[in-house]
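So this block is coords-v7.cif, mmCIF, C-alpha atoms:
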```
data_run
#
loop_
_atom_site.label_atom_id
_atom_site.label_comp_id
_atom_site.auth_asym_id
_atom_site.auth_seq_id
_atom_site.Cartn_x
_atom_site.Cartn_y
_atom_site.Cartn_z
CA MET A 1 0.00 0.00 0.00
CA ALA A 2 1.41 3.36 -1.02
CA LEU A 3 1.99 5.99 1.63
CA THR A 4 0.32 9.37 1.33
CA LYS A 5 2.50 12.45 1.17
CA GLN A 6 1.42 13.40 4.70
CA LYS A 7 2.29 9.94 6.04
CA LYS A 8 5.68 10.04 4.27
CA ASN A 9 6.42 13.41 5.90
CA GLU A 10 5.47 11.97 9.31
CA VAL A 11 7.81 9.01 8.77
CA ILE A 12 10.62 11.34 7.62
CA ASP A 13 10.14 13.48 10.75
CA GLU A 14 10.17 10.39 12.99
CA VAL A 15 13.30 9.01 11.31
CA SER A 16 14.98 12.43 11.52
CA LYS A 17 14.41 12.47 15.28
CA LEU A 18 15.65 8.88 15.67
CA ILE A 19 18.81 9.58 13.64
CA ASP A 20 19.47 12.88 15.40
CA THR A 21 19.21 11.37 18.89
CA SER A 22 20.84 8.03 18.12
CA LYS A 23 24.52 7.64 18.99
CA LEU A 24 24.80 5.04 16.22
CA THR A 25 22.34 4.19 13.45
CA VAL A 26 23.05 0.77 11.95
CA ALA A 27 21.71 -0.46 8.62
CA ALA A 28 21.58 -4.15 7.72
CA LYS A 29 20.17 -6.29 4.90
CA TYR A 30 17.38 -8.56 6.05
CA ALA A 31 16.14 -10.21 2.83
CA GLY A 32 14.99 -13.74 3.55
CA THR A 33 14.33 -13.15 7.25
CA THR A 34 10.87 -14.21 8.40
CA VAL A 35 8.35 -11.83 9.93
CA LYS A 36 8.41 -13.86 13.13
CA ALA A 37 12.20 -13.51 13.33
CA MET A 38 11.96 -9.74 12.75
CA GLN A 39 9.42 -9.49 15.58
CA GLU A 40 11.86 -11.37 17.82
CA LEU A 41 14.63 -8.95 16.79
CA ARG A 42 12.49 -5.97 17.76
CA ARG A 43 11.61 -7.56 21.11
CA SER A 44 15.16 -8.57 21.99
CA SER A 45 16.60 -5.21 20.93
CA LYS A 46 14.38 -3.31 23.35
CA ALA A 47 16.29 -4.93 26.23
CA ASN A 48 19.33 -2.72 25.57
CA GLY A 49 17.34 0.36 24.51
CA THR A 50 17.66 -0.19 20.77
CA THR A 51 14.80 0.63 18.41
CA VAL A 52 14.63 -1.50 15.26
CA LYS A 53 12.60 -0.35 12.25
CA VAL A 54 12.12 -1.34 8.64
CA ILE A 55 11.89 1.93 6.70
CA LYS A 56 11.95 2.69 3.00
CA ASN A 57 15.45 3.78 2.01
CA ARG A 58 14.15 6.87 0.16
CA LEU A 59 12.59 8.12 3.38
CA VAL A 60 15.78 7.50 5.38
CA ILE A 61 17.85 9.28 2.72
CA GLN A 62 15.44 12.21 2.83
CA ALA A 63 15.66 12.31 6.63
CA LEU A 64 19.46 12.31 6.41
CA LYS A 65 19.43 15.17 3.87
CA ASN A 66 17.10 17.20 6.11
CA ASN A 67 19.61 17.00 8.98
CA PRO A 68 22.55 19.46 8.78
CA LYS A 69 24.97 16.89 10.28
CA PHE A 70 24.10 14.27 7.68
CA LYS A 71 23.29 16.28 4.54
CA ASP A 72 26.67 15.52 2.90
CA VAL A 73 27.01 11.92 4.08
CA ASP A 74 27.31 9.05 1.59
CA THR A 75 23.99 7.24 1.14
CA SER A 76 24.96 4.99 -1.78
CA ALA A 77 24.92 1.87 0.45
CA LEU A 78 21.23 2.35 1.24
CA ASN A 79 19.86 0.53 -1.78
CA GLN A 80 18.36 -2.83 -0.74
CA MET A 81 15.79 -4.09 1.76
CA LEU A 82 17.27 -2.70 4.97
CA VAL A 83 16.47 -2.73 8.65
CA TYR A 84 17.67 0.19 10.78
CA ALA A 85 18.66 0.09 14.46
CA PHE A 86 18.81 3.22 16.63
CA ASN A 87 19.99 3.75 20.20
CA PRO A 88 20.17 7.15 21.96
CA GLU A 89 22.16 5.88 24.97
CA ASP A 90 24.84 3.44 23.81
CA GLU A 91 27.21 3.69 20.86
CA VAL A 92 27.60 -0.03 20.27
CA ALA A 93 24.20 -1.40 21.37
CA PRO A 94 22.53 -1.26 17.92
CA ALA A 95 25.41 -3.14 16.32
CA GLN A 96 25.47 -5.67 19.17
CA ALA A 97 21.71 -6.26 18.98
CA LEU A 98 21.82 -6.93 15.25
CA ASN A 99 24.99 -9.02 15.57
CA ALA A 100 23.45 -11.21 18.29
CA PHE A 101 20.38 -11.72 16.10
CA ALA A 102 22.52 -12.49 13.03
CA LYS A 103 24.20 -15.41 14.84
CA ASN A 104 20.93 -17.36 14.61
CA ASN A 105 19.69 -15.65 11.43
CA PRO A 106 22.46 -15.59 8.82
CA ASN A 107 20.27 -13.64 6.37
CA LEU A 108 20.98 -10.47 8.35
CA GLU A 109 24.11 -8.73 7.05
CA PHE A 110 25.59 -5.35 8.06
CA VAL A 111 25.63 -2.65 5.40
CA GLY A 112 27.04 0.20 7.49
CA ALA A 113 26.24 2.74 10.15
CA TYR A 114 25.99 6.47 10.73
CA THR A 115 27.64 7.93 13.81
CA MET A 116 26.14 10.76 15.80
CA ASP A 117 28.61 13.23 14.28
CA GLY A 118 27.61 12.39 10.70
CA GLN A 119 30.23 9.87 9.59
CA PHE A 120 29.48 6.69 7.66
CA LEU A 121 31.09 3.47 8.91
CA GLY A 122 31.43 0.47 6.61
CA ALA A 123 30.21 -3.03 7.36
CA GLU A 124 33.59 -4.20 8.71
CA ASP A 125 33.76 -1.28 11.14
CA VAL A 126 30.23 -2.02 12.37
CA LYS A 127 31.15 -5.69 12.84
CA ALA A 128 34.18 -4.60 14.91
CA LEU A 129 31.95 -2.35 17.05
CA ALA A 130 29.51 -5.23 17.56
CA ASP A 131 32.30 -7.33 19.04
CA LEU A 132 33.19 -4.70 21.67
CA PRO A 133 31.94 -5.17 25.24
CA SER A 134 28.84 -3.20 26.21
CA LYS A 135 28.92 -0.24 28.62
CA ASP A 136 27.71 -2.43 31.49
CA GLN A 137 30.40 -5.02 30.77
CA LEU A 138 33.07 -2.30 30.68
CA ARG A 139 31.81 -0.85 33.96
CA SER A 140 31.95 -4.23 35.68
CA MET A 141 35.46 -4.80 34.32
CA LEU A 142 36.51 -1.39 35.67
CA VAL A 143 35.03 -2.12 39.09
CA GLY A 144 36.80 -5.49 39.12
CA THR A 145 40.08 -3.79 38.22
CA PHE A 146 39.70 -1.30 41.05
CA ALA A 147 38.55 -3.96 43.54
CA ALA A 148 41.40 -6.42 42.87
CA PRO A 149 44.16 -4.46 44.66
CA LEU A 150 41.84 -3.61 47.54
CA SER A 151 40.82 -7.23 48.08
CA GLY A 152 44.48 -8.27 47.88
CA PHE A 153 45.38 -5.67 50.50
CA VAL A 154 42.55 -6.83 52.77
CA ASN A 155 43.76 -10.43 52.39
CA VAL A 156 47.30 -9.39 53.37
CA LEU A 157 46.02 -7.60 56.46
CA ALA A 158 43.75 -10.51 57.33
CA GLY A 159 46.68 -12.90 56.82
CA ASN A 160 48.62 -11.30 59.68
CA VAL A 161 45.61 -11.47 62.00
CA ARG A 162 44.95 -15.08 60.92
CA GLY A 163 48.56 -16.00 61.58
CA PHE A 164 48.43 -14.40 65.02
CA LEU A 165 45.19 -16.25 65.83
CA ASN A 166 46.72 -19.53 64.65
CA VAL A 167 49.67 -19.00 66.99
CA LEU A 168 47.30 -18.28 69.89
CA ASN A 169 45.23 -21.39 69.08
CA ALA A 170 48.35 -23.54 68.91
CA ARG A 171 49.59 -22.09 72.21
CA GLU A 172 46.22 -22.79 73.84
CA GLU A 173 46.20 -26.38 72.57
CA SER A 174 49.72 -26.96 73.85
CA LEU A 175 48.74 -25.65 77.29
CA ASN A 176 45.64 -27.84 77.39
CA ASN A 177 47.63 -30.99 76.53
#
```

As a first step, turn the structure in this file into structure tokens.
Amino acid sequence: MALTKQKKNEVIDEVSKLIDTSKLTVAAKYAGTTVKAMQELRRSSKANGTTVKVIKNRLVIQALKNNPKFKDVDTSALNQMLVYAFNPEDEVAPAQALNAFAKNNPNLEFVGAYTMDGQFLGAEDVKALADLPSKDQLRSMLVGTFAAPLSGFVNVLAGNVRGFLNVLNAREESLNN
């Protein structure tokens, strides 16, 4: 069913807002993916704050041209049936969501991505981003790095107290025997 001009303008406005607020907008081919699988992708992507939409490429290109940051960006890769993933909070979450889905659905293939500052990243760059740890994983790694020396120091201090208590226990046992 063809979209009316008013509906097209509404979609362009919505996509413009998504692109403008998204830290990374990822595009991927989805030809051959079932509707049920696409619904699962949308559901699973919401867990990390990613919005997944299937939008006509002409409308996405128009939304990009309407945005001053993206008006000169290369749009030649946007030429097949594409799904777009947006995330306003995390730079790698859209790529990770699509990459996780692609492991079970090999029909999904990265085309590229647009960064928040208006640069186009190729498919290989997006794949590399998808393999990076998420913000939460990085935070837990950082906490673990900070906690390791502290727990070692506590163990050293506790070791002296433990040793002293062991000596007292041994002394008490020798007196009782």

(request) Would you work out the distance separating CA of Glu14 (chain A) from CA of Leu59 (chain A), expressed in Å to one decimal? (result) 10.2 Å

List as JSON lines every residue of region 90-157 of chain A that is in contact with region 22-44 of chain A, defined as an atom at most 10 Å from one of its atoms (using all atoms listed in the file), together with the nearest atom pair and the distance in Å rounded to one decimal, sorted by chain and then rising number.
```
{"residue": "A:Asp90", "atom": "CA", "partner": "A:Lys23", "partner_atom": "CA", "distance": 6.4}
{"residue": "A:Glu91", "atom": "CA", "partner": "A:Lys23", "partner_atom": "CA", "distance": 5.1}
{"residue": "A:Val92", "atom": "CA", "partner": "A:Leu24", "partner_atom": "CA", "distance": 7.1}
{"residue": "A:Ala93", "atom": "CA", "partner": "A:Leu24", "partner_atom": "CA", "distance": 8.3}
{"residue": "A:Pro94", "atom": "CA", "partner": "A:Val26", "partner_atom": "CA", "distance": 6.3}
{"residue": "A:Ala95", "atom": "CA", "partner": "A:Val26", "partner_atom": "CA", "distance": 6.3}
{"residue": "A:Gln96", "atom": "CA", "partner": "A:Val26", "partner_atom": "CA", "distance": 10.0}
{"residue": "A:Ala97", "atom": "CA", "partner": "A:Ser44", "partner_atom": "CA", "distance": 7.6}
{"residue": "A:Leu98", "atom": "CA", "partner": "A:Leu41", "partner_atom": "CA", "distance": 7.6}
{"residue": "A:Asn99", "atom": "CA", "partner": "A:Ala28", "partner_atom": "CA", "distance": 9.8}
{"residue": "A:Ala100", "atom": "CA", "partner": "A:Leu41", "partner_atom": "CA", "distance": 9.2}
{"residue": "A:Phe101", "atom": "CA", "partner": "A:Leu41", "partner_atom": "CA", "distance": 6.4}
{"residue": "A:Ala102", "atom": "CA", "partner": "A:Leu41", "partner_atom": "CA", "distance": 9.4}
{"residue": "A:Asn104", "atom": "CA", "partner": "A:Ala37", "partner_atom": "CA", "distance": 9.6}
{"residue": "A:Asn105", "atom": "CA", "partner": "A:Thr33", "partner_atom": "CA", "distance": 7.2}
{"residue": "A:Pro106", "atom": "CA", "partner": "A:Thr33", "partner_atom": "CA", "distance": 8.6}
{"residue": "A:Asn107", "atom": "CA", "partner": "A:Tyr30", "partner_atom": "CA", "distance": 5.9}
{"residue": "A:Leu108", "atom": "CA", "partner": "A:Tyr30", "partner_atom": "CA", "distance": 4.7}
{"residue": "A:Glu109", "atom": "CA", "partner": "A:Lys29", "partner_atom": "CA", "distance": 5.1}
{"residue": "A:Phe110", "atom": "CA", "partner": "A:Ala28", "partner_atom": "CA", "distance": 4.2}
{"residue": "A:Val111", "atom": "CA", "partner": "A:Ala28", "partner_atom": "CA", "distance": 4.9}
{"residue": "A:Gly112", "atom": "CA", "partner": "A:Ala27", "partner_atom": "CA", "distance": 5.5}
{"residue": "A:Ala113", "atom": "CA", "partner": "A:Val26", "partner_atom": "CA", "distance": 4.2}
{"residue": "A:Tyr114", "atom": "CA", "partner": "A:Thr25", "partner_atom": "CA", "distance": 5.1}
{"residue": "A:Thr115", "atom": "CA", "partner": "A:Leu24", "partner_atom": "CA", "distance": 4.7}
{"residue": "A:Met116", "atom": "CA", "partner": "A:Lys23", "partner_atom": "CA", "distance": 4.7}
{"residue": "A:Asp117", "atom": "CA", "partner": "A:Lys23", "partner_atom": "CA", "distance": 8.4}
{"residue": "A:Gly118", "atom": "CA", "partner": "A:Leu24", "partner_atom": "CA", "distance": 9.6}
{"residue": "A:Gln119", "atom": "CA", "partner": "A:Leu24", "partner_atom": "CA", "distance": 9.8}
{"residue": "A:Phe120", "atom": "CA", "partner": "A:Thr25", "partner_atom": "CA", "distance": 9.5}
{"residue": "A:Leu121", "atom": "CA", "partner": "A:Val26", "partner_atom": "CA", "distance": 9.0}
{"residue": "A:Gly122", "atom": "CA", "partner": "A:Val26", "partner_atom": "CA", "distance": 9.9}
{"residue": "A:Ala123", "atom": "CA", "partner": "A:Ala28", "partner_atom": "CA", "distance": 8.7}
{"residue": "A:Val126", "atom": "CA", "partner": "A:Val26", "partner_atom": "CA", "distance": 7.7}
```

(request) Write out as number ranges by chain which residues come within 6 Å of region 48-54 of chain A when counting only C-alpha atoms, dropping same-chain ones fewer than 6 positions away. (result) A: 42, 83-87, 94

(message) Evaluated on this file, the PyMOL selection byres ((chain A and resi 61) around 12) picks out some residues - which ones are they, written as a list in words?
(response) Val11, Ile12, Asp13, Val15, Ser16, Ile19, Ile55, Lys56, Asn57, Arg58, Leu59, Val60, Gln62, Ala63, Leu64, Lys65, Asn66, Asn67, Phe70, Lys71, Asp72, Val73, Asp74, Thr75, Ser76, Ala77, Leu78, Asn79 and Tyr114 of chain A

(request) Quote the spacing between CA of Leu18 (chain A) and CA of Ala130 (chain A) in Å to one decimal place. (result) 19.9 Å

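One finds CA of Lys135 (chain A) at 9.8 Å from CA of Glu89 (chain A).
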
What are the centre and edge lengths in Å, to one decimal, of the axis-aligned box around all listed atoms of region 128-142 of chain A with 4 Å added on each side, as lines of an AutoDock Vina configuration file?
```
center_x = 32.1
center_y = -3.8
center_z = 25.3
size_x = 16.8
size_y = 15.1
size_z = 28.8
```
